[in-house]
>>> print(open('protein.cif').read())   # mmCIF, C-alpha atoms
data_data
#
loop_
_atom_site.label_atom_id
_atom_site.label_comp_id
_atom_site.auth_asym_id
_atom_site.auth_seq_id
_atom_site.Cartn_x
_atom_site.Cartn_y
_atom_site.Cartn_z
CA MET N 1 39.64 59.67 -61.77
CA ASN N 2 37.08 61.29 -59.48
CA TYR N 3 33.99 59.38 -58.35
CA GLN N 4 31.83 60.19 -61.38
CA GLU N 5 34.65 59.34 -63.78
CA THR N 6 35.23 56.09 -61.89
CA ILE N 7 31.55 55.10 -62.12
CA ASP N 8 31.47 56.01 -65.81
CA TYR N 9 34.55 53.83 -66.35
CA LEU N 10 32.91 50.88 -64.60
CA TYR N 11 29.61 51.30 -66.47
CA ASN N 12 31.23 51.71 -69.86
CA SER N 13 34.24 49.40 -69.63
CA LEU N 14 32.77 46.34 -67.93
CA PRO N 15 29.85 44.28 -69.25
CA MET N 16 26.78 45.28 -67.23
CA PHE N 17 23.57 43.22 -67.11
CA HIS N 18 21.19 46.11 -66.54
CA ARG N 19 22.64 47.87 -69.59
CA ILE N 20 23.13 45.02 -72.09
CA GLY N 21 21.25 42.07 -70.58
CA GLU N 22 22.34 38.43 -70.68
CA ALA N 23 25.44 39.15 -72.81
CA ALA N 24 27.03 40.46 -69.58
CA LEU N 25 26.62 37.07 -67.86
CA LYS N 26 29.05 34.16 -67.84
CA PRO N 27 28.14 30.66 -66.58
CA SER N 28 31.27 30.55 -64.46
CA LEU N 29 32.67 31.76 -61.14
CA ASP N 30 36.24 31.86 -62.50
CA ASN N 31 36.57 35.65 -62.80
CA THR N 32 35.24 36.26 -59.30
CA ILE N 33 37.59 33.61 -57.91
CA LYS N 34 40.56 35.25 -59.71
CA LEU N 35 39.65 38.75 -58.50
CA CYS N 36 39.17 37.65 -54.90
CA ALA N 37 42.42 35.67 -54.97
CA LEU N 38 44.23 38.91 -55.89
CA LEU N 39 42.57 40.55 -52.88
CA GLY N 40 43.64 37.81 -50.46
CA ASN N 41 40.29 35.98 -50.56
CA PRO N 42 38.34 38.44 -48.41
CA GLN N 43 35.18 36.29 -48.69
CA HIS N 44 36.73 33.93 -46.11
CA LYS N 45 37.34 36.70 -43.57
CA PHE N 46 33.78 37.36 -42.39
CA LYS N 47 30.66 35.36 -41.49
CA SER N 48 27.73 35.60 -43.86
CA VAL N 49 24.16 34.67 -44.76
CA HIS N 50 23.41 34.05 -48.45
CA ILE N 51 19.95 34.91 -49.81
CA ALA N 52 18.45 33.89 -53.17
CA GLY N 53 14.94 33.78 -54.65
CA THR N 54 12.77 35.34 -57.33
CA ASN N 55 10.71 37.69 -55.15
CA GLY N 56 11.47 38.84 -51.64
CA LYS N 57 15.22 38.35 -51.48
CA GLY N 58 15.92 42.09 -51.25
CA SER N 59 13.30 42.73 -48.56
CA SER N 60 14.41 39.64 -46.63
CA SER N 61 18.05 40.72 -46.85
CA HIS N 62 17.23 44.15 -45.45
CA MET N 63 15.01 42.79 -42.67
CA LEU N 64 17.61 40.24 -41.55
CA ALA N 65 20.39 42.85 -41.66
CA SER N 66 18.19 45.25 -39.69
CA VAL N 67 17.60 42.68 -36.93
CA LEU N 68 21.33 41.93 -36.72
CA GLN N 69 22.06 45.66 -36.48
CA ALA N 70 19.42 46.04 -33.76
CA ALA N 71 21.16 43.22 -31.89
CA GLY N 72 24.39 45.21 -31.92
CA TYR N 73 26.30 43.32 -34.61
CA LYS N 74 28.39 45.20 -37.16
CA THR N 75 26.48 44.12 -40.24
CA GLY N 76 27.42 44.23 -43.89
CA LEU N 77 24.65 44.25 -46.50
CA PHE N 78 25.06 43.66 -50.23
CA THR N 79 22.07 44.03 -52.55
CA SER N 80 21.43 44.89 -56.20
CA PRO N 81 20.53 46.71 -58.31
CA HIS N 82 20.65 50.18 -56.80
CA LEU N 83 17.92 52.79 -57.23
CA LYS N 84 19.73 56.13 -57.11
CA SER N 85 23.41 55.61 -56.38
CA PHE N 86 25.86 52.75 -56.88
CA THR N 87 26.91 53.18 -53.24
CA GLU N 88 23.50 51.84 -52.09
CA ARG N 89 24.57 48.32 -53.04
CA ILE N 90 27.20 48.04 -50.31
CA LYS N 91 26.38 49.04 -46.73
CA VAL N 92 27.76 48.55 -43.24
CA ASN N 93 25.23 49.18 -40.45
CA GLY N 94 22.94 50.86 -42.95
CA LYS N 95 25.55 53.35 -44.17
CA ASP N 96 26.58 53.32 -47.83
CA ILE N 97 30.16 52.66 -48.82
CA SER N 98 31.94 55.96 -49.43
CA ALA N 99 32.56 57.27 -52.92
CA GLN N 100 36.27 57.61 -52.08
CA ARG N 101 36.51 53.93 -51.13
CA ILE N 102 35.22 52.98 -54.58
CA VAL N 103 37.62 55.41 -56.32
CA ASP N 104 40.58 54.01 -54.39
CA PHE N 105 39.62 50.40 -55.13
CA VAL N 106 39.28 50.98 -58.88
CA LYS N 107 42.50 53.00 -59.04
CA LYS N 108 44.43 50.25 -57.26
CA HIS N 109 43.01 47.37 -59.35
CA LYS N 110 42.28 48.91 -62.75
CA GLN N 111 45.15 46.99 -64.33
CA ASP N 112 43.80 43.75 -62.85
CA PHE N 113 40.39 44.46 -64.37
CA GLU N 114 41.91 44.95 -67.79
CA GLU N 115 43.73 41.63 -67.54
CA ILE N 116 40.91 39.54 -66.06
CA LYS N 117 38.09 41.35 -67.93
CA PRO N 118 35.38 40.84 -65.28
CA SER N 119 31.79 41.90 -65.66
CA PHE N 120 30.49 44.93 -63.77
CA PHE N 121 28.83 42.62 -61.24
CA GLU N 122 31.92 40.47 -60.73
CA MET N 123 33.93 43.60 -59.95
CA THR N 124 31.21 44.84 -57.59
CA VAL N 125 31.19 41.57 -55.66
CA ALA N 126 34.98 41.63 -55.29
CA LEU N 127 34.82 45.24 -54.06
CA THR N 128 32.06 44.32 -51.60
CA PHE N 129 33.91 41.39 -50.06
CA ASP N 130 37.12 43.41 -49.83
CA TYR N 131 35.22 46.20 -48.05
CA PHE N 132 33.46 43.89 -45.61
CA ALA N 133 36.78 42.24 -44.72
CA ASP N 134 38.49 45.63 -44.21
CA GLU N 135 35.57 46.81 -42.06
CA LYS N 136 35.78 43.60 -39.99
CA VAL N 137 32.02 43.11 -40.04
CA ASP N 138 30.63 40.61 -37.55
CA ILE N 139 28.37 39.22 -40.25
CA ALA N 140 27.31 40.12 -43.81
CA VAL N 141 23.95 39.54 -45.46
CA VAL N 142 24.68 38.84 -49.13
CA GLU N 143 21.89 38.91 -51.70
CA VAL N 144 22.30 36.92 -54.90
CA GLY N 145 22.30 39.07 -58.03
CA LEU N 146 20.65 36.63 -60.44
CA GLY N 147 19.96 32.93 -60.13
CA GLY N 148 22.36 31.36 -57.67
CA ARG N 149 24.53 28.59 -59.07
CA PHE N 150 26.74 30.84 -61.23
CA ASP N 151 26.08 34.10 -59.41
CA SER N 152 29.33 35.82 -58.42
CA THR N 153 28.28 35.89 -54.77
CA ASN N 154 28.30 32.08 -54.72
CA ILE N 155 31.95 31.88 -53.70
CA ILE N 156 31.09 32.50 -50.04
CA THR N 157 30.64 29.74 -47.48
CA PRO N 158 27.82 31.14 -45.36
CA LEU N 159 26.53 30.15 -41.95
CA LEU N 160 23.12 29.84 -43.51
CA SER N 161 21.39 30.00 -46.89
CA LEU N 162 17.89 31.41 -47.42
CA ILE N 163 15.73 30.96 -50.53
CA THR N 164 12.62 33.12 -50.54
CA ASN N 165 10.28 32.36 -53.44
CA ILE N 166 10.31 30.90 -56.95
CA SER N 167 8.43 32.58 -59.78
CA PHE N 168 8.92 33.13 -63.50
CA ASP N 169 11.70 35.66 -64.20
CA HIS N 170 14.77 35.73 -66.46
CA GLN N 171 13.58 32.57 -68.22
CA LYS N 172 16.15 32.93 -71.01
CA ILE N 173 18.88 32.53 -68.41
CA LEU N 174 17.37 30.43 -65.62
CA GLY N 175 14.94 28.13 -67.44
CA ASN N 176 11.35 28.00 -68.65
CA THR N 177 9.81 25.98 -65.82
CA LEU N 178 9.62 26.64 -62.09
CA PRO N 179 11.68 23.50 -61.26
CA GLU N 180 14.41 24.63 -63.68
CA ILE N 181 14.48 28.09 -62.07
CA ALA N 182 14.47 26.53 -58.59
CA SER N 183 17.41 24.33 -59.58
CA GLU N 184 19.48 27.43 -60.37
CA LYS N 185 18.51 29.06 -57.07
CA ALA N 186 19.30 25.81 -55.24
CA GLY N 187 22.87 26.23 -56.44
CA ILE N 188 23.58 28.25 -53.29
CA ILE N 189 22.88 25.23 -51.05
CA LYS N 190 26.25 24.05 -49.76
CA THR N 191 27.51 20.98 -47.94
CA ASN N 192 26.45 20.86 -44.28
CA ILE N 193 25.10 24.47 -44.45
CA PRO N 194 21.45 24.73 -43.35
CA VAL N 195 19.01 26.25 -45.82
CA VAL N 196 15.75 28.05 -44.99
CA ILE N 197 12.94 27.98 -47.57
CA SER N 198 10.65 30.95 -46.93
CA GLU N 199 7.69 29.77 -48.97
CA CYS N 200 7.16 26.05 -49.53
CA GLN N 201 5.72 25.67 -53.04
CA ASP N 202 4.39 22.34 -54.29
CA GLU N 203 5.90 22.77 -57.76
CA VAL N 204 9.47 23.12 -56.53
CA ASN N 205 9.71 21.58 -53.04
CA HIS N 206 11.22 18.40 -54.48
CA VAL N 207 14.06 20.38 -56.07
CA PHE N 208 15.20 21.83 -52.74
CA LEU N 209 14.69 18.56 -50.84
CA LYS N 210 16.83 16.67 -53.36
CA LYS N 211 19.61 19.29 -53.36
CA ALA N 212 19.64 19.55 -49.56
CA LYS N 213 19.87 15.76 -49.27
CA GLN N 214 22.75 15.65 -51.78
CA GLN N 215 24.61 18.31 -49.77
CA SER N 216 23.76 16.84 -46.35
CA SER N 217 22.14 20.19 -45.55
CA LEU N 218 19.37 20.69 -43.02
CA LEU N 219 16.31 22.10 -44.82
CA ILE N 220 14.05 24.40 -42.77
CA PRO N 221 10.55 24.95 -44.26
CA ALA N 222 9.76 28.37 -42.78
CA SER N 223 6.16 28.60 -43.99
CA GLU N 224 5.39 25.32 -42.21
CA ILE N 225 6.91 26.60 -38.95
CA TYR N 226 5.76 30.22 -38.75
CA HIS N 227 2.18 31.32 -39.47
CA LEU N 228 1.24 35.00 -39.61
CA LYS N 229 -2.41 35.71 -38.84
CA ASN N 230 -4.75 38.66 -38.27
CA ASP N 231 -2.63 40.78 -40.60
CA ARG N 232 -3.69 44.39 -41.17
CA LEU N 233 -2.31 47.82 -42.02
CA GLU N 234 -1.95 50.31 -39.17
CA GLN N 235 -0.50 53.77 -39.78
CA GLY N 236 1.11 52.62 -43.01
CA LYS N 237 2.78 49.57 -41.47
CA LEU N 238 1.96 45.88 -41.73
CA VAL N 239 0.95 44.28 -38.40
CA ALA N 240 0.37 40.59 -37.75
CA ASP N 241 0.27 38.00 -34.98
CA VAL N 242 3.04 35.44 -35.41
CA TYR N 243 2.47 31.82 -34.41
CA LYS N 244 5.22 29.23 -34.21
CA GLY N 245 3.30 26.05 -34.74
CA ASN N 246 0.13 26.61 -32.70
CA VAL N 247 1.79 28.86 -30.12
CA LEU N 248 1.51 32.66 -30.29
CA LYS N 249 5.13 33.79 -30.50
CA TYR N 250 4.89 37.53 -31.31
CA LYS N 251 1.64 39.41 -30.71
CA ASP N 252 1.20 42.44 -33.02
CA LEU N 253 4.55 42.18 -34.79
CA VAL N 254 5.03 45.40 -36.77
CA CYS N 255 6.80 45.37 -40.13
CA GLY N 256 8.14 48.61 -41.57
CA LEU N 257 7.37 47.35 -45.08
CA ALA N 258 3.65 47.59 -45.81
CA GLY N 259 3.35 45.11 -48.70
CA LYS N 260 1.22 42.11 -47.66
CA TYR N 261 3.66 39.87 -49.56
CA GLN N 262 6.10 40.56 -46.70
CA LEU N 263 4.17 38.04 -44.59
CA LYS N 264 5.92 35.23 -46.48
CA ASN N 265 9.29 36.93 -46.19
CA ILE N 266 8.92 37.45 -42.43
CA ALA N 267 8.49 33.69 -41.89
CA GLY N 268 11.80 33.09 -43.68
CA VAL N 269 13.56 35.85 -41.75
CA LEU N 270 12.32 34.51 -38.39
CA SER N 271 13.43 30.96 -39.23
CA SER N 272 16.84 32.34 -40.27
CA ILE N 273 17.14 34.19 -36.95
CA ASP N 274 16.29 30.97 -35.08
CA MET N 275 19.16 29.23 -36.84
CA LEU N 276 21.59 32.10 -36.17
CA ILE N 277 20.66 31.96 -32.47
CA LYS N 278 21.51 28.25 -32.50
CA LYS N 279 24.87 29.21 -33.98
CA GLY N 280 25.61 31.52 -31.06
CA PHE N 281 24.16 34.89 -32.03
CA ASN N 282 22.51 36.82 -29.20
CA ILE N 283 19.23 38.02 -30.68
CA SER N 284 16.27 38.82 -28.43
CA GLU N 285 12.58 39.44 -29.12
CA GLU N 286 13.28 43.15 -28.62
CA HIS N 287 15.95 43.04 -31.35
CA ILE N 288 13.59 41.20 -33.69
CA ARG N 289 10.74 43.64 -33.16
CA LYS N 290 12.98 46.68 -33.56
CA GLY N 291 14.76 45.32 -36.63
CA ILE N 292 11.62 44.35 -38.52
CA SER N 293 9.64 47.48 -37.62
CA SER N 294 12.55 49.89 -38.30
CA VAL N 295 13.96 48.20 -41.39
CA VAL N 296 13.61 51.32 -43.55
CA SER N 297 15.41 53.66 -41.15
CA LEU N 298 18.09 51.14 -40.15
CA THR N 299 19.01 49.95 -43.66
CA GLY N 300 17.71 52.66 -46.03
CA LEU N 301 15.51 50.30 -48.04
CA LYS N 302 13.37 52.00 -50.68
CA GLY N 303 10.81 51.05 -53.29
CA ARG N 304 8.92 48.21 -51.55
CA TRP N 305 5.22 49.20 -51.46
CA GLN N 306 6.49 52.68 -50.64
CA VAL N 307 3.86 55.36 -50.08
CA LEU N 308 5.01 58.55 -51.79
CA ASN N 309 1.89 60.62 -51.15
CA GLU N 310 -1.41 60.26 -49.29
CA LYS N 311 -3.77 62.40 -51.42
CA PRO N 312 -3.92 61.03 -53.99
CA LEU N 313 -2.54 57.81 -52.52
CA THR N 314 0.65 57.25 -54.56
CA ILE N 315 2.56 53.99 -54.20
CA CYS N 316 5.61 52.58 -55.95
CA ASP N 317 7.03 49.06 -55.91
CA THR N 318 9.95 47.42 -57.70
CA VAL N 319 8.21 44.08 -58.41
CA HIS N 320 8.61 43.15 -62.06
CA ASN N 321 7.54 39.56 -62.60
CA GLU N 322 4.40 37.42 -62.58
CA GLY N 323 4.56 36.35 -58.94
CA GLY N 324 5.22 39.85 -57.66
CA ILE N 325 2.58 41.48 -59.85
CA LYS N 326 -0.08 39.03 -58.62
CA GLN N 327 0.69 40.02 -55.03
CA ILE N 328 0.69 43.74 -55.80
CA VAL N 329 -2.65 43.59 -57.64
CA GLY N 330 -4.12 41.66 -54.71
CA GLN N 331 -3.09 44.43 -52.34
CA ILE N 332 -4.38 47.16 -54.67
CA ASN N 333 -7.73 45.36 -54.73
CA SER N 334 -7.92 45.63 -50.94
CA ILE N 335 -7.74 49.46 -51.07
CA ARG N 336 -10.71 51.77 -51.49
CA TYR N 337 -10.22 54.36 -54.22
CA LYS N 338 -12.26 56.22 -56.82
CA ASN N 339 -10.03 55.86 -59.90
CA LEU N 340 -6.86 53.83 -60.45
CA PHE N 341 -3.91 55.15 -62.47
CA PHE N 342 -0.90 53.00 -63.38
CA VAL N 343 2.49 54.34 -64.49
CA LEU N 344 3.94 51.26 -66.16
CA GLY N 345 7.30 50.56 -67.78
CA VAL N 346 9.22 47.32 -68.28
CA VAL N 347 12.49 45.98 -69.70
CA ASN N 348 12.65 44.25 -73.05
CA ASP N 349 13.89 40.82 -71.95
CA LYS N 350 10.86 40.00 -69.80
CA ASP N 351 7.91 37.84 -70.79
CA ILE N 352 5.44 40.66 -70.32
CA THR N 353 2.42 38.64 -71.46
CA SER N 354 2.22 36.92 -68.09
CA ILE N 355 2.42 40.30 -66.33
CA LEU N 356 -0.14 42.08 -68.52
CA SER N 357 -2.71 39.32 -68.10
CA PHE N 358 -2.87 39.99 -64.33
CA LEU N 359 -2.99 43.79 -64.40
CA PRO N 360 -6.32 45.48 -63.51
CA LYS N 361 -8.50 46.38 -66.48
CA ASN N 362 -10.26 49.15 -64.55
CA ALA N 363 -7.07 51.26 -64.44
CA TYR N 364 -5.92 54.02 -66.76
CA TYR N 365 -2.32 53.42 -67.85
CA PHE N 366 0.54 55.76 -68.62
CA PHE N 367 2.99 53.62 -70.58
CA CYS N 368 6.62 54.69 -70.28
CA LYS N 369 10.16 53.41 -70.89
CA PRO N 370 12.86 53.21 -68.20
CA ASP N 371 15.94 55.17 -69.27
CA ILE N 372 18.24 52.20 -69.90
CA THR N 373 19.19 50.35 -73.07
CA ARG N 374 17.11 47.35 -72.02
CA GLY N 375 13.97 49.45 -71.56
CA LEU N 376 11.05 48.31 -73.70
CA ASP N 377 9.74 50.96 -76.08
CA ALA N 378 6.61 52.48 -74.53
CA TYR N 379 4.66 52.22 -77.81
CA VAL N 380 5.44 48.49 -78.03
CA LEU N 381 4.30 48.09 -74.43
CA CYS N 382 1.11 50.01 -75.11
CA SER N 383 0.34 47.93 -78.20
CA LYS N 384 0.84 44.70 -76.28
CA ALA N 385 -1.23 45.98 -73.35
CA GLN N 386 -4.15 46.75 -75.65
CA GLU N 387 -4.31 43.03 -76.49
CA TYR N 388 -5.23 42.53 -72.83
CA SER N 389 -7.85 45.32 -72.84
CA LEU N 390 -5.64 47.71 -70.88
CA LYS N 391 -6.39 51.32 -71.76
CA GLY N 392 -4.21 54.40 -71.53
CA GLU N 393 -1.66 56.54 -73.33
CA VAL N 394 2.05 56.64 -74.08
CA ILE N 395 4.26 59.13 -72.26
CA SER N 396 7.70 57.68 -72.77
CA GLU N 397 9.68 59.55 -70.09
CA VAL N 398 9.06 58.15 -66.62
CA LYS N 399 9.08 61.54 -64.88
CA LYS N 400 6.60 63.01 -67.37
CA ALA N 401 4.38 59.93 -67.06
CA VAL N 402 4.34 60.32 -63.27
CA ALA N 403 3.55 64.03 -63.62
CA ALA N 404 0.69 63.23 -66.02
CA ALA N 405 -0.79 60.72 -63.57
CA LYS N 406 -0.60 63.27 -60.76
CA SER N 407 -2.30 65.95 -62.88
CA LYS N 408 -5.14 63.60 -63.78
CA ALA N 409 -5.74 62.13 -60.32
CA THR N 410 -7.95 63.63 -57.62
CA SER N 411 -7.45 63.22 -53.87
CA ASP N 412 -9.63 60.07 -53.73
CA ASP N 413 -7.70 58.26 -56.47
CA LEU N 414 -4.82 55.77 -56.38
CA ILE N 415 -1.62 56.03 -58.43
CA PHE N 416 0.68 53.02 -58.71
CA ILE N 417 4.16 53.34 -60.26
CA GLY N 418 6.10 50.22 -61.23
CA GLY N 419 6.74 47.38 -63.65
CA SER N 420 10.52 47.62 -63.29
CA THR N 421 13.13 48.51 -60.70
CA PHE N 422 14.42 51.01 -63.24
CA VAL N 423 11.08 52.83 -63.44
CA VAL N 424 11.03 53.23 -59.65
CA ALA N 425 14.65 54.43 -59.76
CA GLU N 426 13.58 57.47 -61.79
CA ILE N 427 10.96 58.69 -59.31
CA GLU N 428 12.10 62.07 -57.99
CA GLU N 429 10.55 61.64 -54.51
CA LEU N 430 12.75 58.63 -53.64
#
>>> encode(input="protein.cif", output="structure tokens")
Amino acid sequence: MNYQETIDYLYNSLPMFHRIGEAALKPSLDNTIKLCALLGNPQHKFKSVHIAGTNGKGSSSHMLASVLQAAGYKTGLFTSPHLKSFTERIKVNGKDISAQRIVDFVKKHKQDFEEIKPSFFEMTVALTFDYFADEKVDIAVVEVGLGGRFDSTNIITPLLSLITNISFDHQKILGNTLPEIASEKAGIIKTNIPVVISECQDEVNHVFLKKAKQQSSLLIPASEIYHLKNDRLEQGKLVADVYKGNVLKYKDLVCGLAGKYQLKNIAGVLSSIDMLIKKGFNISEEHIRKGISSVVSLTGLKGRWQVLNEKPLTICDTVHNEGGIKQIVGQINSIRYKNLFFVLGVVNDKDITSILSFLPKNAYYFFCKPDITRGLDAYVLCSKAQEYSLKGEVISEVKKAVAAAKSKATSDDLIFIGGSTFVVAEIEEL
């Protein structure tokens, strides 16, 4: 099989969450353990950091990997889902895994897949760990796919765990309350492995404290250690003064990701770097500044408060749950514009009522459907949105909805595109 045939085989033969939803998930690590055993347990052959959370785990993973790269370490990075190409999920020093490497892996282990019957994600994790071991990375930053406790990535024994934020998402799988969701994320906390909590939240702090105590793990409350003040946008980048306690640690720290919600993520990343330094990594202030400011160019991150055009100001973001939407709307409200246009699409297994209730009523909406099986019908979305006094029209195809927004907007207007990672993935400019 060539690369496209190989990808088609993986998409069509293995259960895939983004295509069929929770039916692709199994509350077990058995398949991943079996696959990695066949590969000689590559997950034990490299150092790692494990990152979970509802919002911010992807951005935090990229920022931490970027700092490690800037410090000269050969750095693996595993994230999901991808936006344009499957190869984006697996990187070493910001460079995607090659298509040929994927073809060779599937060809060699196709028979094993048909015997073990892994999910798409289980296979991807096994491929990733095999690749990182072959590449002899100095360290890998591994983002959890979903949850934590039963996520396939949870077979690693990292140097450090990081949990970014807890919000409502995937309730059918993770639970209907924030403590229940936090309990699943806390499943990555391992015995005697320190864990950083980016954002200390009153509703769930007790969950992490209890789990850390059970595992004899040092818990590091990043948001109580690092405080980012005087934040502002300069030339499309987020700038802030960083205090450690009451002491100014980094004056005018520049972040290459412009979303104000990154302030919480940066605290977690900085606390993680402190712990890695204690474990022997040589990371200087220069490395930190370069890594955080150049995260997009060093790692290839896309779709986080990404400015696609200046006139009209056109922004996309992959946030897709209540916590993320609140933060996005807050940032939109800080921008001066004449008219606001929203290109909005979601998937059908989300509780969209909580999202719709926070969306701005002064916007004009183009309701669309991401081109995946799980995409929610745009007419259903529009009907539900009308219950929350959101006005607009249905243009089901994402690309046509974006084009319609552009044709309607003038240079003083603002266009926002989002609601789902899979909507952002269809934007041609990315």
>>> residues_around(input="protein.cif", residues="range 379-383 of chain N", least_positions_apart="2", cutoff="10 Å", atoms="only C-alpha atoms", output="PDB file with C-alpha atoms, keeping the file's coordinate frame")
ATOM      1  CA  LEU N 344       3.940  51.260 -66.160  1.00  0.00           C
ATOM      2  CA  GLY N 345       7.300  50.560 -67.780  1.00  0.00           C
ATOM      3  CA  VAL N 346       9.220  47.320 -68.280  1.00  0.00           C
ATOM      4  CA  VAL N 347      12.490  45.980 -69.700  1.00  0.00           C
ATOM      5  CA  ASN N 348      12.650  44.250 -73.050  1.00  0.00           C
ATOM      6  CA  ILE N 352       5.440  40.660 -70.320  1.00  0.00           C
ATOM      7  CA  LEU N 356      -0.140  42.080 -68.520  1.00  0.00           C
ATOM      8  CA  TYR N 365      -2.320  53.420 -67.850  1.00  0.00           C
ATOM      9  CA  PHE N 366       0.540  55.760 -68.620  1.00  0.00           C
ATOM     10  CA  PHE N 367       2.990  53.620 -70.580  1.00  0.00           C
ATOM     11  CA  CYS N 368       6.620  54.690 -70.280  1.00  0.00           C
ATOM     12  CA  LYS N 369      10.160  53.410 -70.890  1.00  0.00           C
ATOM     13  CA  LEU N 376      11.050  48.310 -73.700  1.00  0.00           C
ATOM     14  CA  ASP N 377       9.740  50.960 -76.080  1.00  0.00           C
ATOM     15  CA  ALA N 385      -1.230  45.980 -73.350  1.00  0.00           C
ATOM     16  CA  GLN N 386      -4.150  46.750 -75.650  1.00  0.00           C
ATOM     17  CA  GLU N 387      -4.310  43.030 -76.490  1.00  0.00           C
ATOM     18  CA  TYR N 388      -5.230  42.530 -72.830  1.00  0.00           C
ATOM     19  CA  LEU N 390      -5.640  47.710 -70.880  1.00  0.00           C
ATOM     20  CA  LYS N 391      -6.390  51.320 -71.760  1.00  0.00           C
ATOM     21  CA  GLY N 392      -4.210  54.400 -71.530  1.00  0.00           C
ATOM     22  CA  GLU N 393      -1.660  56.540 -73.330  1.00  0.00           C
ATOM     23  CA  VAL N 394       2.050  56.640 -74.080  1.00  0.00           C
ATOM     24  CA  ILE N 395       4.260  59.130 -72.260  1.00  0.00           C
ATOM     25  CA  SER N 396       7.700  57.680 -72.770  1.00  0.00           C
TER      26      SER N 396
END
>>> atom_distance(input="protein.cif", atom1="CA of Arg304 in chain N", atom2="CA of Gln4 in chain N")
27.7 Å
>>> atom_distance(input="protein.cif", atom1="CA of Asn176 in chain N", atom2="CA of Ser217 in chain N")
26.7 Å
>>> resolve_selection(input="protein.cif", expression="the PyMOL selection byres ((chain N and resi 236) around 9)", output="number ranges by chain")
N: 233-235, 237-238, 256-258, 307
>>> write_last_selection(input="protein.cif", atoms="C-alpha atoms", output="compact mmCIF listing (two decimals), in the coordinates of the input")
# COMPACT_ATOMS: atom_id res chain seq x y z
CA LEU N 233 -2.31 47.82 -42.02
CA GLU N 234 -1.95 50.31 -39.17
CA GLN N 235 -0.50 53.77 -39.78
CA LYS N 237 2.78 49.57 -41.47
CA LEU N 238 1.96 45.88 -41.73
CA GLY N 256 8.14 48.61 -41.57
CA LEU N 257 7.37 47.35 -45.08
CA ALA N 258 3.65 47.59 -45.81
CA VAL N 307 3.86 55.36 -50.08
>>> resolve_selection(input="protein.cif", expression="the PyMOL selection byres ((chain N and resi 241) around 8)", output="PyMOL selection string")
chain N and resi 228-231+239-240+242-243+248-253
>>> build_atoms(input="protein.cif", residues="range 278-291 of chain N", atoms="N, CA and C atoms", output="PDB file, in the coordinates of the input")
ATOM      1  N   LYS N 278      20.918  29.565 -32.780  1.00  0.00           N
ATOM      2  CA  LYS N 278      21.510  28.250 -32.500  1.00  0.00           C
ATOM      3  C   LYS N 278      23.009  28.244 -32.764  1.00  0.00           C
ATOM      4  N   LYS N 279      23.445  29.116 -33.648  1.00  0.00           N
ATOM      5  CA  LYS N 279      24.870  29.210 -33.980  1.00  0.00           C
ATOM      6  C   LYS N 279      25.611  30.207 -33.086  1.00  0.00           C
ATOM      7  N   GLY N 280      24.925  30.706 -32.057  1.00  0.00           N
ATOM      8  CA  GLY N 280      25.610  31.520 -31.060  1.00  0.00           C
ATOM      9  C   GLY N 280      25.329  33.007 -31.081  1.00  0.00           C
ATOM     10  N   PHE N 281      24.469  33.462 -31.991  1.00  0.00           N
ATOM     11  CA  PHE N 281      24.160  34.890 -32.030  1.00  0.00           C
ATOM     12  C   PHE N 281      23.156  35.232 -30.926  1.00  0.00           C
ATOM     13  N   ASN N 282      23.371  36.366 -30.294  1.00  0.00           N
ATOM     14  CA  ASN N 282      22.510  36.820 -29.200  1.00  0.00           C
ATOM     15  C   ASN N 282      21.462  37.777 -29.755  1.00  0.00           C
ATOM     16  N   ILE N 283      20.295  37.231 -30.073  1.00  0.00           N
ATOM     17  CA  ILE N 283      19.230  38.020 -30.680  1.00  0.00           C
ATOM     18  C   ILE N 283      17.962  37.812 -29.865  1.00  0.00           C
ATOM     19  N   SER N 284      17.438  38.899 -29.308  1.00  0.00           N
ATOM     20  CA  SER N 284      16.270  38.820 -28.430  1.00  0.00           C
ATOM     21  C   SER N 284      14.994  39.206 -29.184  1.00  0.00           C
ATOM     22  N   GLU N 285      13.848  39.005 -28.534  1.00  0.00           N
ATOM     23  CA  GLU N 285      12.580  39.440 -29.120  1.00  0.00           C
ATOM     24  C   GLU N 285      12.597  40.948 -29.368  1.00  0.00           C
ATOM     25  N   GLU N 286      13.178  41.698 -28.448  1.00  0.00           N
ATOM     26  CA  GLU N 286      13.280  43.150 -28.620  1.00  0.00           C
ATOM     27  C   GLU N 286      14.052  43.507 -29.887  1.00  0.00           C
ATOM     28  N   HIS N 287      15.157  42.795 -30.135  1.00  0.00           N
ATOM     29  CA  HIS N 287      15.950  43.040 -31.350  1.00  0.00           C
ATOM     30  C   HIS N 287      15.137  42.721 -32.598  1.00  0.00           C
ATOM     31  N   ILE N 288      14.398  41.616 -32.540  1.00  0.00           N
ATOM     32  CA  ILE N 288      13.590  41.200 -33.690  1.00  0.00           C
ATOM     33  C   ILE N 288      12.520  42.237 -33.990  1.00  0.00           C
ATOM     34  N   ARG N 289      11.812  42.659 -32.963  1.00  0.00           N
ATOM     35  CA  ARG N 289      10.740  43.640 -33.160  1.00  0.00           C
ATOM     36  C   ARG N 289      11.292  44.968 -33.695  1.00  0.00           C
ATOM     37  N   LYS N 290      12.397  45.422 -33.110  1.00  0.00           N
ATOM     38  CA  LYS N 290      12.980  46.680 -33.560  1.00  0.00           C
ATOM     39  C   LYS N 290      13.489  46.576 -34.993  1.00  0.00           C
ATOM     40  N   GLY N 291      14.179  45.481 -35.300  1.00  0.00           N
ATOM     41  CA  GLY N 291      14.760  45.320 -36.630  1.00  0.00           C
ATOM     42  C   GLY N 291      13.710  45.264 -37.722  1.00  0.00           C
TER      43      GLY N 291
END
